[in-house]
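As stored in upload.tsv (TSV, C-alpha atoms and all ligand atoms):
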chain	number	residue	atom	x	y	z
Q	771	MET	CA	75.73	143.19	-28.02
Q	772	ILE	CA	72.71	141.78	-29.83
Q	773	LEU	CA	74.30	142.74	-33.15
Q	774	TYR	CA	77.14	140.36	-32.34
Q	775	LYS	CA	74.80	137.55	-31.27
Q	776	ALA	CA	76.44	137.11	-27.90
Q	777	ASP	CA	75.01	134.31	-25.76
Q	778	PHE	CA	76.31	135.85	-22.56
Q	779	VAL	CA	77.37	139.30	-21.41
Q	780	PRO	CA	79.60	139.61	-18.35
Q	781	VAL	CA	77.97	142.25	-16.16
Q	782	GLY	CA	77.74	143.33	-12.56
Q	783	ILE	CA	74.37	143.09	-10.84
Q	784	ASP	CA	73.76	146.82	-11.46
Q	785	GLN	CA	73.92	146.35	-15.23
Q	786	ALA	CA	71.50	143.41	-15.31
Q	787	PRO	CA	68.41	145.70	-15.79
Q	788	HIS	CA	70.09	147.33	-18.82
Q	789	LEU	CA	70.64	143.90	-20.29
Q	790	GLU	CA	67.01	143.05	-19.64
Q	791	ILE	CA	66.00	145.97	-21.91
Q	792	SER	CA	68.04	144.40	-24.75
Q	793	ARG	CA	66.41	141.03	-24.11
Q	794	GLU	CA	62.98	142.66	-24.21
Q	795	ILE	CA	63.80	144.36	-27.53
Q	796	VAL	CA	64.92	141.02	-29.00
Q	797	ARG	CA	61.71	139.32	-27.88
Q	798	ARG	CA	59.56	142.10	-29.30
Q	799	PHE	CA	61.43	142.06	-32.61
Q	800	HIS	CA	61.03	138.31	-32.96
Q	801	ASN	CA	57.39	138.52	-32.03
Q	802	LEU	CA	56.69	141.35	-34.43
Q	803	TYR	CA	58.54	140.03	-37.47
Q	804	LYS	CA	58.08	136.30	-36.80
Q	805	LYS	CA	61.71	135.58	-37.53
Q	806	LYS	CA	64.56	134.74	-35.13
Q	807	VAL	CA	67.44	137.03	-35.99
Q	808	PHE	CA	69.01	137.83	-32.65
Q	809	ILE	CA	70.02	135.91	-29.56
Q	810	GLU	CA	68.64	136.96	-26.18
Q	811	PRO	CA	71.89	137.58	-24.32
Q	812	ALA	CA	71.99	136.20	-20.80
Q	813	ALA	CA	73.75	138.00	-17.96
Q	814	LYS	CA	76.95	136.33	-16.80
Q	815	ILE	CA	77.24	137.40	-13.19
Q	816	SER	CA	80.21	136.29	-11.12
Q	817	ASP	CA	80.20	135.03	-7.52
Q	818	ILE	CA	80.91	138.61	-6.45
Q	819	PRO	CA	78.11	140.43	-8.24
Q	820	LYS	CA	78.90	143.87	-6.88
Q	821	LEU	CA	81.88	145.84	-5.62
Q	822	ASN	CA	81.15	149.25	-4.18
Q	823	GLY	CA	83.48	152.22	-4.21
Q	824	LEU	CA	85.80	153.22	-1.39
Q	825	ASP	CA	83.02	155.20	0.30
Q	826	GLY	CA	80.33	152.52	-0.07
Q	827	ARG	CA	78.61	154.25	-2.98
Q	828	LYS	CA	78.56	152.85	-6.50
Q	829	MET	CA	82.16	152.70	-7.74
Q	830	SER	CA	82.52	155.53	-10.21
Q	831	LYS	CA	85.21	157.76	-11.66
Q	832	SER	CA	82.95	160.78	-11.13
Q	833	TYR	CA	82.55	159.98	-7.41
Q	834	ASN	CA	86.33	159.73	-7.14
Q	835	ASN	CA	85.90	156.52	-5.16
Q	836	ALA	CA	87.42	153.96	-7.52
Q	837	ILE	CA	90.64	151.96	-7.62
Q	838	PHE	CA	92.28	152.11	-11.03
Q	839	LEU	CA	94.71	149.81	-12.76
Q	840	SER	CA	96.73	152.95	-13.47
Q	841	ASP	CA	97.13	153.62	-9.73
Q	842	THR	CA	100.53	153.01	-8.19
Q	843	GLU	CA	100.92	150.46	-5.40
Q	844	LYS	CA	101.27	153.37	-2.97
Q	845	GLU	CA	98.02	154.92	-4.20
Q	846	ILE	CA	96.18	151.60	-3.92
Q	847	LYS	CA	97.42	151.15	-0.36
Q	848	LYS	CA	96.27	154.66	0.55
Q	849	LYS	CA	92.87	154.07	-1.04
Q	850	VAL	CA	92.29	150.76	0.71
Q	851	GLN	CA	93.25	152.33	4.03
Q	852	SER	CA	90.60	155.01	3.48
Q	853	MET	CA	87.84	152.50	2.71
Q	854	LEU	CA	84.54	152.45	4.52
Q	855	THR	CA	84.11	149.17	6.39
Q	856	ASP	CA	81.22	148.09	8.62
Q	857	PRO	CA	79.59	151.41	9.61
Q	858	GLN	CA	78.36	149.89	12.90
Q	859	ARG	CA	81.92	149.15	13.96
Q	860	ALA	CA	82.84	152.49	15.49
Q	861	ARG	CA	85.57	151.34	17.90
Q	862	ARG	CA	88.36	148.78	17.65
Q	863	ASP	CA	86.75	146.49	20.24
Q	864	ASP	CA	83.29	146.59	18.63
Q	865	PRO	CA	82.50	143.35	16.80
Q	866	GLY	CA	82.15	143.73	13.04
Q	867	GLU	CA	80.12	141.96	10.41
Q	868	PRO	CA	81.82	140.98	7.13
Q	869	ASP	CA	78.42	140.46	5.49
Q	870	VAL	CA	77.67	144.19	5.69
Q	871	CYS	CA	81.25	145.42	5.44
Q	872	ASN	CA	82.01	147.44	2.32
Q	873	LEU	CA	85.54	146.06	2.18
Q	874	PHE	CA	84.96	142.36	2.67
Q	875	PRO	CA	83.74	141.65	-0.92
Q	876	PHE	CA	87.24	142.70	-2.02
Q	877	HIS	CA	88.68	139.96	0.21
Q	878	LYS	CA	86.30	137.55	-1.52
Q	879	LEU	CA	87.77	138.63	-4.83
Q	880	TYR	CA	91.46	138.81	-3.94
Q	881	SER	CA	92.19	136.83	-0.78
Q	882	SER	CA	92.49	133.09	-0.33
Q	883	LYS	CA	89.60	131.09	1.12
Q	884	GLU	CA	91.79	130.38	4.18
Q	885	MET	CA	92.32	134.07	4.80
Q	886	GLN	CA	88.61	134.82	4.42
Q	887	GLU	CA	87.75	132.02	6.84
Q	888	GLU	CA	90.25	133.44	9.30
Q	889	ILE	CA	88.92	137.00	9.02
Q	890	ILE	CA	85.19	136.26	9.35
Q	891	PRO	CA	85.22	134.94	12.97
Q	892	ALA	CA	88.05	137.27	13.97
Q	893	CYS	CA	86.01	140.25	12.78
Q	894	ARG	CA	82.84	139.07	14.50
Q	895	THR	CA	84.70	138.72	17.81
Q	896	ALA	CA	86.74	141.90	17.36
Q	897	GLN	CA	89.99	139.91	17.37
Q	898	ILE	CA	91.06	141.69	14.22
Q	899	GLY	CA	90.84	145.41	13.69
Q	900	CYS	CA	89.85	147.02	10.40
Q	901	GLY	CA	93.36	148.48	10.05
Q	902	ASP	CA	94.96	145.02	10.03
Q	903	CYS	CA	92.22	143.64	7.84
Q	904	LYS	CA	92.91	146.42	5.33
Q	905	LEU	CA	96.65	145.65	5.31
Q	906	LYS	CA	95.87	142.01	4.55
Q	907	LEU	CA	93.65	143.15	1.70
Q	908	VAL	CA	96.36	145.43	0.30
Q	909	ASP	CA	98.75	142.44	0.13
Q	910	SER	CA	96.22	140.16	-1.56
Q	911	MET	CA	94.99	142.85	-3.90
Q	912	LEU	CA	98.47	143.83	-5.04
Q	913	GLU	CA	99.39	140.21	-5.57
Q	914	GLY	CA	96.34	139.81	-7.79
Q	915	LEU	CA	96.73	143.10	-9.62
Q	916	ARG	CA	100.50	143.13	-10.16
Q	917	PRO	CA	100.52	140.89	-13.27
Q	918	ILE	CA	97.66	142.92	-14.77
Q	919	MET	CA	99.38	146.22	-13.97
Q	920	GLU	CA	102.62	144.95	-15.50
Q	921	LYS	CA	100.78	143.84	-18.61
Q	922	ARG	CA	99.14	147.26	-18.79
Q	923	HIS	CA	102.56	148.93	-18.75
Q	924	GLU	CA	103.73	146.67	-21.56
Q	925	VAL	CA	100.65	147.45	-23.63
Q	926	ILE	CA	100.76	151.24	-23.24
Q	927	ALA	CA	104.39	151.19	-24.34
Q	928	LYS	CA	103.27	149.91	-27.77
Q	929	PRO	CA	100.62	152.41	-28.96
Q	930	LYS	CA	101.12	151.60	-32.66
Q	931	GLU	CA	100.62	147.88	-32.14
Q	932	VAL	CA	97.54	148.55	-29.99
Q	933	ALA	CA	96.04	150.83	-32.67
Q	934	GLU	CA	96.56	148.09	-35.27
Q	935	ILE	CA	94.94	145.44	-33.08
Q	936	LEU	CA	91.99	147.75	-32.43
Q	937	GLU	CA	91.60	148.50	-36.12
Q	938	GLU	CA	91.69	144.82	-36.98
Q	939	GLY	CA	89.15	144.03	-34.25
Q	940	THR	CA	86.88	146.86	-35.39
Q	941	LYS	CA	86.86	145.45	-38.92
Q	942	LYS	CA	85.98	141.95	-37.69
Q	943	ALA	CA	83.23	143.28	-35.42
Q	944	ALA	CA	81.78	145.48	-38.17
Q	945	LYS	CA	81.56	142.47	-40.48
Q	946	VAL	CA	79.53	140.49	-37.91
Q	947	ALA	CA	77.33	143.50	-37.07
Q	948	ASN	CA	76.60	144.29	-40.72
Q	949	ALA	CA	75.62	140.69	-41.44
Q	950	THR	CA	73.15	140.73	-38.52
Q	951	LEU	CA	71.80	144.09	-39.63
Q	952	GLU	CA	71.15	142.73	-43.12
Q	953	GLN	CA	69.26	139.77	-41.62
Q	954	ALA	CA	67.17	142.16	-39.51
Q	955	LYS	CA	66.38	144.35	-42.52
Q	956	ALA	CA	65.41	141.31	-44.58
Q	957	SER	CA	63.04	140.18	-41.80
Q	958	MET	CA	61.48	143.64	-41.84
Q	959	LYS	CA	61.31	143.50	-45.64
Q	960	LEU	CA	63.37	146.68	-45.95
Q	1001	LIG	S1	87.67	143.60	10.23
Q	1001	LIG	FE1	87.62	143.52	8.00
Q	1001	LIG	S2	85.69	142.51	7.49
Q	1001	LIG	FE2	85.54	143.20	9.62
Q	1001	LIG	S3	84.54	145.18	9.51
Q	1001	LIG	FE3	86.75	145.54	9.55
Q	1001	LIG	S4	87.34	145.64	7.40
Q	1001	LIG	FE4	85.32	144.70	7.49

Take the structure in the file and write it out as structure tokens.
Amino acid sequence: MILYKADFVPVGIDQAPHLEISREIVRRFHNLYKKKVFIEPAAKISDIPKLNGLDGRKMSKSYNNAIFLSDTEKEIKKKVQSMLTDPQRARRDDPGEPDVCNLFPFHKLYSSKEMQEEIIPACRTAQIGCGDCKLKLVDSMLEGLRPIMEKRHEVIAKPKEVAEILEEGTKKAAKVANATLEQAKASMKL
């Protein structure tokens, strides 16, 4: 991203250390060649800095614990119902803790503030079970994802148009990257 002189890079908290390496490289380059060519990109981290996978591990295709935009509504429902919640909440009448629950960050992302405020005390007093909480999440999640999933269907139905847009974007990006590269080479007197 430093080739494109981005001020910010939207990342999850897990990617922040990778970004720090780029920032370090930029600082060292500037220090070494006494010329400011790049911008130190700052991490743009959202209010929900991390979403784990269904099983509580890092969400990853290779762990088979992710929810995909290509999933059907039925698949998403099945996945949410299989999600790990608060591991200390073994029985329905055990109180739970949204702050340690693997599922609750998804409510923060998809559900209304009112719903979250309803769930937090109800979970802590065992007035709501994880099954019902998951059903509420399925509804909110599908409501949020539906427009994106519909858009995705529209886009994949036009492969030629997508290829053209990508080609056009690649050309624009290459132009910016080459200009930065030339500046870097000039600073290094290459
Ligand atoms: S009720 Fe909801 S927030 Fe509480 S532990 Fe179960 S899934 Fe998590």

Computed interatomic separation between atom CA of Arg916 of chain Q and atom CA of Glu845 of chain Q (Å): 13.4 Å

Name each residue within 9 Å of ligand LIG 1001 (chain Q), counting all atoms listed in the file, as a short mmCIF file (atom, residue, chain, number, x, y, z; two decimals) with C-alpha atoms, in the coordinates of the input.
data_model
loop_
_atom_site.label_atom_id
_atom_site.label_comp_id
_atom_site.auth_asym_id
_atom_site.auth_seq_id
_atom_site.Cartn_x
_atom_site.Cartn_y
_atom_site.Cartn_z
CA MET Q 853 87.84 152.50 2.71
CA LEU Q 854 84.54 152.45 4.52
CA THR Q 855 84.11 149.17 6.39
CA ASP Q 856 81.22 148.09 8.62
CA PRO Q 857 79.59 151.41 9.61
CA GLN Q 858 78.36 149.89 12.90
CA ARG Q 859 81.92 149.15 13.96
CA ARG Q 862 88.36 148.78 17.65
CA PRO Q 865 82.50 143.35 16.80
CA GLY Q 866 82.15 143.73 13.04
CA GLU Q 867 80.12 141.96 10.41
CA PRO Q 868 81.82 140.98 7.13
CA ASP Q 869 78.42 140.46 5.49
CA VAL Q 870 77.67 144.19 5.69
CA CYS Q 871 81.25 145.42 5.44
CA ASN Q 872 82.01 147.44 2.32
CA LEU Q 873 85.54 146.06 2.18
CA PHE Q 874 84.96 142.36 2.67
CA PRO Q 875 83.74 141.65 -0.92
CA HIS Q 877 88.68 139.96 0.21
CA GLN Q 886 88.61 134.82 4.42
CA ILE Q 889 88.92 137.00 9.02
CA ILE Q 890 85.19 136.26 9.35
CA PRO Q 891 85.22 134.94 12.97
CA ALA Q 892 88.05 137.27 13.97
CA CYS Q 893 86.01 140.25 12.78
CA ARG Q 894 82.84 139.07 14.50
CA ALA Q 896 86.74 141.90 17.36
CA GLN Q 897 89.99 139.91 17.37
CA ILE Q 898 91.06 141.69 14.22
CA GLY Q 899 90.84 145.41 13.69
CA CYS Q 900 89.85 147.02 10.40
CA GLY Q 901 93.36 148.48 10.05
CA ASP Q 902 94.96 145.02 10.03
CA CYS Q 903 92.22 143.64 7.84
CA LYS Q 904 92.91 146.42 5.33
CA LEU Q 907 93.65 143.15 1.70
#

Computed interatomic separation between atom CA of Lys928 of chain Q and atom CA of Gly914 of chain Q (Å):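 Distance reported for this atom pair: 23.4 Å.
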
Selected residue of minimal separation from Ile783 of chain Q among Q:Arg797, Q:Lys805, Q:Glu924, Q:Pro819, counting only C-alpha atoms: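 Smallest distance to Ile783 of chain Q is found for Q:Pro819.
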
Shell around Gly782 of chain Q at 7 Å using all atoms listed in the file, local window under 2 positions removed, as a list in words: Asp784, Gln785, Ala786, Ile815, Pro819 and Lys820 of chain Q

Distance in Å - atom CA of Val925 of chain Q versus atom CA of Ser840 of chain Q: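 Going from atom CA of Val925 of chain Q over to atom CA of Ser840 of chain Q covers 12.2 Å.
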
Residue neighbourhood Val796 of chain Q, 8 Å, only C-alpha atoms, exclusion window fewer than 2 positions, as a ChimeraX atom specification: /Q:772,792-794,798-800,808-810

Take the point (97.7, 132.3, 1.3) as written in the file and pick out every residue within 12 Å of it, counting only C-alpha atoms; give the list as a PDB file with C-alpha atoms, in the frame of the given file.
ATOM      1  CA  HIS Q 877      88.680 139.960   0.210  1.00  0.00           C
ATOM      2  CA  TYR Q 880      91.460 138.810  -3.940  1.00  0.00           C
ATOM      3  CA  SER Q 881      92.190 136.830  -0.780  1.00  0.00           C
ATOM      4  CA  SER Q 882      92.490 133.090  -0.330  1.00  0.00           C
ATOM      5  CA  LYS Q 883      89.600 131.090   1.120  1.00  0.00           C
ATOM      6  CA  GLU Q 884      91.790 130.380   4.180  1.00  0.00           C
ATOM      7  CA  MET Q 885      92.320 134.070   4.800  1.00  0.00           C
ATOM      8  CA  GLN Q 886      88.610 134.820   4.420  1.00  0.00           C
ATOM      9  CA  GLU Q 887      87.750 132.020   6.840  1.00  0.00           C
ATOM     10  CA  GLU Q 888      90.250 133.440   9.300  1.00  0.00           C
ATOM     11  CA  LYS Q 906      95.870 142.010   4.550  1.00  0.00           C
ATOM     12  CA  LEU Q 907      93.650 143.150   1.700  1.00  0.00           C
ATOM     13  CA  ASP Q 909      98.750 142.440   0.130  1.00  0.00           C
ATOM     14  CA  SER Q 910      96.220 140.160  -1.560  1.00  0.00           C
ATOM     15  CA  GLU Q 913      99.390 140.210  -5.570  1.00  0.00           C
ATOM     16  CA  GLY Q 914      96.340 139.810  -7.790  1.00  0.00           C
TER      17      GLY Q 914
END

Using all atoms listed in the file: which of Q:Leu839, Q:Tyr803, Q:Pro811, Q:Pro780 has the shortest distance to Pro917 of chain Q: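 That would be Q:Leu839, the residue with the smallest distance to Pro917 of chain Q.
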
All residues 12 Å or closer to Leu802 of chain Q, all atoms listed in the file, same chain fewer than 5 positions away omitted, as a ChimeraX atom specification: /Q:795-797,807,954,957-958

Can you rebuild segment 888-906 of chain Q with N, CA and C atoms and give it as a short mmCIF file (atom, residue, chain, number, x, y, z; two decimals), in the frame of the given file?
data_model
loop_
_atom_site.label_atom_id
_atom_site.label_comp_id
_atom_site.auth_asym_id
_atom_site.auth_seq_id
_atom_site.Cartn_x
_atom_site.Cartn_y
_atom_site.Cartn_z
N GLU Q 888 89.56 132.95 8.10
CA GLU Q 888 90.25 133.44 9.30
C GLU Q 888 89.65 134.80 9.73
N ILE Q 889 89.39 135.64 8.73
CA ILE Q 889 88.92 137.00 9.02
C ILE Q 889 87.49 137.02 9.56
N ILE Q 890 86.61 136.18 8.98
CA ILE Q 890 85.19 136.26 9.35
C ILE Q 890 84.98 136.11 10.87
N PRO Q 891 85.46 135.02 11.52
CA PRO Q 891 85.22 134.94 12.97
C PRO Q 891 86.03 135.97 13.75
N ALA Q 892 87.22 136.28 13.25
CA ALA Q 892 88.05 137.27 13.97
C ALA Q 892 87.40 138.65 13.96
N CYS Q 893 86.72 138.97 12.87
CA CYS Q 893 86.01 140.25 12.78
C CYS Q 893 84.81 140.24 13.72
N ARG Q 894 84.07 139.14 13.69
CA ARG Q 894 82.84 139.07 14.50
C ARG Q 894 83.13 139.08 16.00
N THR Q 895 84.36 138.72 16.39
CA THR Q 895 84.70 138.72 17.81
C THR Q 895 85.68 139.84 18.14
N ALA Q 896 85.86 140.73 17.20
CA ALA Q 896 86.74 141.90 17.36
C ALA Q 896 88.20 141.50 17.64
N GLN Q 897 88.59 140.30 17.17
CA GLN Q 897 89.99 139.91 17.37
C GLN Q 897 90.89 140.53 16.31
N ILE Q 898 90.27 140.97 15.24
CA ILE Q 898 91.06 141.69 14.22
C ILE Q 898 90.45 143.09 14.06
N GLY Q 899 91.32 144.05 13.91
CA GLY Q 899 90.84 145.41 13.69
C GLY Q 899 90.76 145.68 12.19
N CYS Q 900 90.01 146.72 11.84
CA CYS Q 900 89.85 147.02 10.40
C CYS Q 900 91.19 147.44 9.79
N GLY Q 901 92.05 148.07 10.58
CA GLY Q 901 93.36 148.48 10.05
C GLY Q 901 94.16 147.28 9.58
N ASP Q 902 94.21 146.23 10.41
CA ASP Q 902 94.96 145.02 10.03
C ASP Q 902 94.30 144.30 8.87
N CYS Q 903 92.98 144.30 8.90
CA CYS Q 903 92.22 143.64 7.84
C CYS Q 903 92.51 144.33 6.50
N LYS Q 904 92.62 145.66 6.55
CA LYS Q 904 92.91 146.42 5.33
C LYS Q 904 94.32 146.11 4.82
N LEU Q 905 95.27 145.97 5.74
CA LEU Q 905 96.65 145.65 5.31
C LEU Q 905 96.70 144.28 4.63
N LYS Q 906 95.92 143.34 5.18
CA LYS Q 906 95.87 142.01 4.55
C LYS Q 906 95.29 142.13 3.14
#
